[in-house]
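Only one structure is covered here, and it is reproduced in the block below.
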Amino acid sequence: MHVFFGGWLLLATTLLQAGEPPELAEQLPEAVLPQLEEILAVAAEASPRMMAWNLRVALAEEDRRTRGAGIYPSASFSGQYRYQEEDRNTLSSAETGERMIFTASVAQPLYHWGALRANRSVGQIAVALEENRLAEARRLLLNQLRGDYLRLILAHKRLDNQRRQIVLSAEGVARDEARFEAGLIAANAVGGTRAAHDRAVNQLERAEYEYATAVERFGTLAGLGEHFTPESVPLVVPAVPRAAAPPPYLAADYIRRGVDEDLRLVQIDQQIRQQELFEKIGRVRLRPRVNLVAGASQDEGTFTRDFTRRVSTRIYFGGVAVSWNIFDGYASRAVTRSAQVRQRQLQRERRETEAAIEQEVRRREHLLDHAARDLRFAEQGLESRRGQVRLAREDFEAGRFSRDQLNQAELQLAAAELSAYQARTDYFLAVAEFLSAIDSDPLFHADPRLIHANR
C-alpha cells in the first residue's frame with residue numbers, strides 16, 4: 001500500500017514539475033498589463049517582421065511543390081510546320097513540299113534510385129524548417145515587444161517626473177524674482193535659477209521628442225500603426241504578484257529531460273537531414289534512370305511530284321526509356337563530399353548549441369533569482385519613501401516643514417517609484433526570458449507538430 005501511494009505521489013510530482021509553472025506564468029508582464037496582451041496578439045500576425053517571415057514560408061511551400069513535381073507524370077506536345085526543298089540525283093529536278101509534324105507524349109519516372117523522393121523530402125523539410133524559423137522569430141519579436149513596452153512605460157514615467165520638476169523649477173524662478181525685487185537676493189542668484197530652469201526645459205523638450213520617436217518605432221514594429229499613441233502608454237508598471245525566485249527544479253528538470261526539443265536544435269537536425277538527402281542524391285546521379293514513356297506522332301506532307309496526294313504517317317509508341325549520364329566532370333563526387341562536410345559542420349554546431357542552451361538556462365535562472373532580490377529591495381525602498389512623504393505632509397500641515405521641503409520629499413518619492421518600476425520591469429523580463437529558455441512560456445509555446453516534423 002505504501003509503495004502504491006508512493007508511486008502515485010512520485011508520478012504526480014513529476015507531472016507537476018514537467019508542466020508549466022503556474023506561479024511564474026502569472027508573473028509575466030501581460031498578466032498585469034491587459035493592453036500588452038492585446039498588442040502581442042496583434043503583433044504576432046500584423047508585424048512587418050512576421051509578414052516577411054510568412055512570405056519566406058510561402059516561398060518554401062512553392063519550392064516544395066517544385067521539388068516534388070518530379071515523381072509525377074509529365075506530358076508534352078510539340079508541333080512543327082516547315083517548307084522543304086530536296087535535290088536528289090535520282091530526280092530530274094528539285095522536289096519541294098510542305099510538312100506538318102505533331103507529337104504528344106507522356107513520361108512517368110519508374111526507377112531513379114530514390115533520388116526523386118529524396119528531393120521531394122528536401123522540400124518538405126525546408127517548409128518545416130522555415131516554419132520553425134518563423135516560430136523562433138515570433139518568440140524573439142514578442143519578447144522584444146515585452147521589453148520595449150515596459151521601457152516605454154519607464155520613459156513615460158521619467159517624462160512625467162521631468163514635467164513635475166519643470167513646474168517646481170518655474171515656481172522657484174518666480175520666488176527668486178520676487179525676492180530679488182524685494183532686495184533680498186542678488187541678481188546673479190536669479191540668473192542662476194533661471195539658467196537651471198532653461199536647461200531643464202531644453203532637456204524636457206529633447207526627452208519628449210525621443211519618447212514620441214520611441215512610441216512611433218514601437219507602433220511600427222508591432223504592426224499597430226497610428227493607433228498606438230504616446231498617450232496610450234500607461235504611467236505605472238504594476239506591482240508583481242507574489243514575486244519570488246524560480247523553483248529550483250525547473251531548470252534542472254529541463255536540462256535532465258534533454259534540450260532536444262529546443263527550436264534551435266530542431267532546425268539543426270532538419271538541416272542535417274537535408275544534407276543526408278543531398279548526399280544520397282549525389283551518390284546516384286551517375287546511375288541509369290528508367291522512365292515509362294507513351295505517345296503518338298503524326299507527320300503529314302505534300303510534294304511537287306503529286307500535289308493531289310497528301311502523305312500522312314501516324315506513329316503510336318510506348319515502352320521503357322533509359323538515360324545514363326556516364327561522366328559529369330566529377331560534379332557528383334563534389335556534391336556528395338560537400339554534403340558530408342556540411343553534415344560534420346552541423347553536428348559540431350549542434351553540440352555547441354546544446355551546451356550553449358544549457359548554459360543559457362542556468363544563466364536565466366540566475367538572473368531571475370537576482371531580479372527577485374533586487375525587486376524586493378526596491379519595493380522596500382518605495383514603501384520607506386512613501387512613509388517619509390506621509391510624515392512630510394503631516395509636518396507641512398503642522399507648519400514644521402516648508403513647501404520646498406515637501407516638494408523635495410515628493411520628488412524623492414517619484415524617483416523611488418521610478419526605481420521600483422525599473423526593478424519590476426527587470427523582474428518581468430527575467431521571468432519571460434526564463435520561461436522562454438525552458439520552453440514553458442504560454443504565449444508562444446512551440447507547436448509540437450513543428451518540433452517533431454521530419455525528425
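Just remember, in the C-alpha cells the first chain shown is A, the second B, etc., residues are 1-based per chain, and ligands are 1-based in the order shown.
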Open item on the list: Based on the backbone DSSP call, show me all residues of segment 31-163 of chain A assigned alpha helix (DSSP H), as a ChimeraX atom specification.
Closed with: /A:31-32,34-46,48-68,115-163
Open item on the list: Residues near Ala420 of chain A, anyone? I mean within 12 Å using only C-alpha atoms, not counting same-chain ones fewer than 2 positions away, as a PyMOL selection string.
Closed with: chain A and resi 154+157+236-240+371-372+374-385+413-418+422-427
How would the residues just picked look written out with C-alpha atoms as a PDB file, in the first residue's frame?
```
ATOM      1  CA  LEU A 154       9.566  53.860 -17.765  1.00  0.00           C
ATOM      2  CA  LYS A 157       7.272  57.987 -16.083  1.00  0.00           C
ATOM      3  CA  VAL A 236       2.726  52.819 -13.901  1.00  0.00           C
ATOM      4  CA  VAL A 237       4.378  49.414 -14.036  1.00  0.00           C
ATOM      5  CA  PRO A 238       2.002  47.381 -11.835  1.00  0.00           C
ATOM      6  CA  ALA A 239       3.295  45.565  -8.801  1.00  0.00           C
ATOM      7  CA  VAL A 240       4.393  41.966  -9.258  1.00  0.00           C
ATOM      8  CA  ALA A 371      15.963  40.146 -10.213  1.00  0.00           C
ATOM      9  CA  ALA A 372      13.633  38.851  -7.484  1.00  0.00           C
ATOM     10  CA  ASP A 374      16.525  43.449  -6.439  1.00  0.00           C
ATOM     11  CA  LEU A 375      12.754  43.833  -6.708  1.00  0.00           C
ATOM     12  CA  ARG A 376      12.328  43.082  -3.010  1.00  0.00           C
ATOM     13  CA  PHE A 377      14.876  45.754  -2.097  1.00  0.00           C
ATOM     14  CA  ALA A 378      13.292  48.294  -4.460  1.00  0.00           C
ATOM     15  CA  GLU A 379       9.788  47.680  -3.074  1.00  0.00           C
ATOM     16  CA  GLN A 380      11.116  48.108   0.462  1.00  0.00           C
ATOM     17  CA  GLY A 381      12.738  51.395  -0.546  1.00  0.00           C
ATOM     18  CA  LEU A 382       9.492  52.563  -2.153  1.00  0.00           C
ATOM     19  CA  GLU A 383       7.484  51.815   0.987  1.00  0.00           C
ATOM     20  CA  SER A 384      10.063  53.685   3.061  1.00  0.00           C
ATOM     21  CA  ARG A 385       9.801  56.750   0.807  1.00  0.00           C
ATOM     22  CA  LEU A 413       9.231  59.575  -3.827  1.00  0.00           C
ATOM     23  CA  ALA A 414       8.843  59.932  -7.613  1.00  0.00           C
ATOM     24  CA  ALA A 415      12.472  58.815  -8.029  1.00  0.00           C
ATOM     25  CA  ALA A 416      11.837  55.825  -5.745  1.00  0.00           C
ATOM     26  CA  GLU A 417       8.750  54.920  -7.787  1.00  0.00           C
ATOM     27  CA  LEU A 418      10.844  55.022 -10.947  1.00  0.00           C
ATOM     28  CA  GLN A 422      12.673  49.585 -13.191  1.00  0.00           C
ATOM     29  CA  ALA A 423      13.072  46.671 -10.785  1.00  0.00           C
ATOM     30  CA  ARG A 424       9.594  45.395 -11.710  1.00  0.00           C
ATOM     31  CA  THR A 425      10.481  45.656 -15.393  1.00  0.00           C
ATOM     32  CA  ASP A 426      13.689  43.712 -14.877  1.00  0.00           C
ATOM     33  CA  TYR A 427      11.805  41.031 -12.967  1.00  0.00           C
TER      34      TYR A 427
END
```
Open item on the list: Please return, as a ChimeraX atom specification, all residues of segment 25-148 of chain A that DSSP assigns to strand (DSSP E) on the basis of the backbone.
Closed with: /A:74-86,95-111
- [ ] Would you mind telling me which residue in A:Glu397, A:Glu26, A:Glu210, A:Glu130 lies nearest to Asp63 of chain A when using only C-alpha atoms?
- [x] A:Glu130
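Comparing the minimum interatomic distances between Arg206 of chain A and each of A:Tyr421, A:Leu159, A:Gly399, A:His366, counting only C-alpha atoms, we find that A:Leu159 sits nearest.
By only C-alpha atoms, and with residues fewer than 6 positions from Arg273 of chain A along its chain excluded, the set lying at most 12 Å from it is Ala118, Asn119, Ser121, Val122, Gly123, Gln124, Ile125, Ala126, Ala128, Leu129, Val266, Gln267, Glu279, Lys280, Ala339, Gln340, Arg342, Gln343, Arg344, Leu346, Gln347, Ala453, Asn454 and Arg455 of chain A.
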Task: Which of A:Gly68, A:Ser312, A:Leu33, A:Gly147 sits closest to Ile101 of chain A [using only C-alpha atoms] - done: A:Ser312
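Residues with any atom within 10 Å of Leu141 of chain A, counting only C-alpha atoms and excluding same-chain neighbours fewer than 6 positions away, are Leu40, Ala43, Ala44, Ser47, Arg49, Met50, Ala135, Gly147, Leu221 and Ala222 of chain A.
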Open item on the list: Quick one: residues within 10 Å of Asn54 of chain A, only C-alpha atoms, excluding same-chain residues fewer than 4 positions away - as JSON, numbers by chain?
Closed with: {"A": [45, 48, 49, 50, 58, 59, 60, 130, 131, 134]}
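Rounded to one decimal, atom CA of Leu368 of chain A and atom CA of Phe434 of chain A lie 7.2 Å from each other.
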Task: Proximity to Arg287 of chain A - best of A:Leu28, A:Ala115, A:Leu411, A:Ala244, only C-alpha atoms - done: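 Selected residue with least distance to Arg287 of chain A: A:Ala115.
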Task: Straight-line distance linking atom CA of Gly319 of chain A with atom CA of Gln80 of chain A, stated in Å to one decimal - done: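 Here the two named atoms are 24.1 Å from each other.
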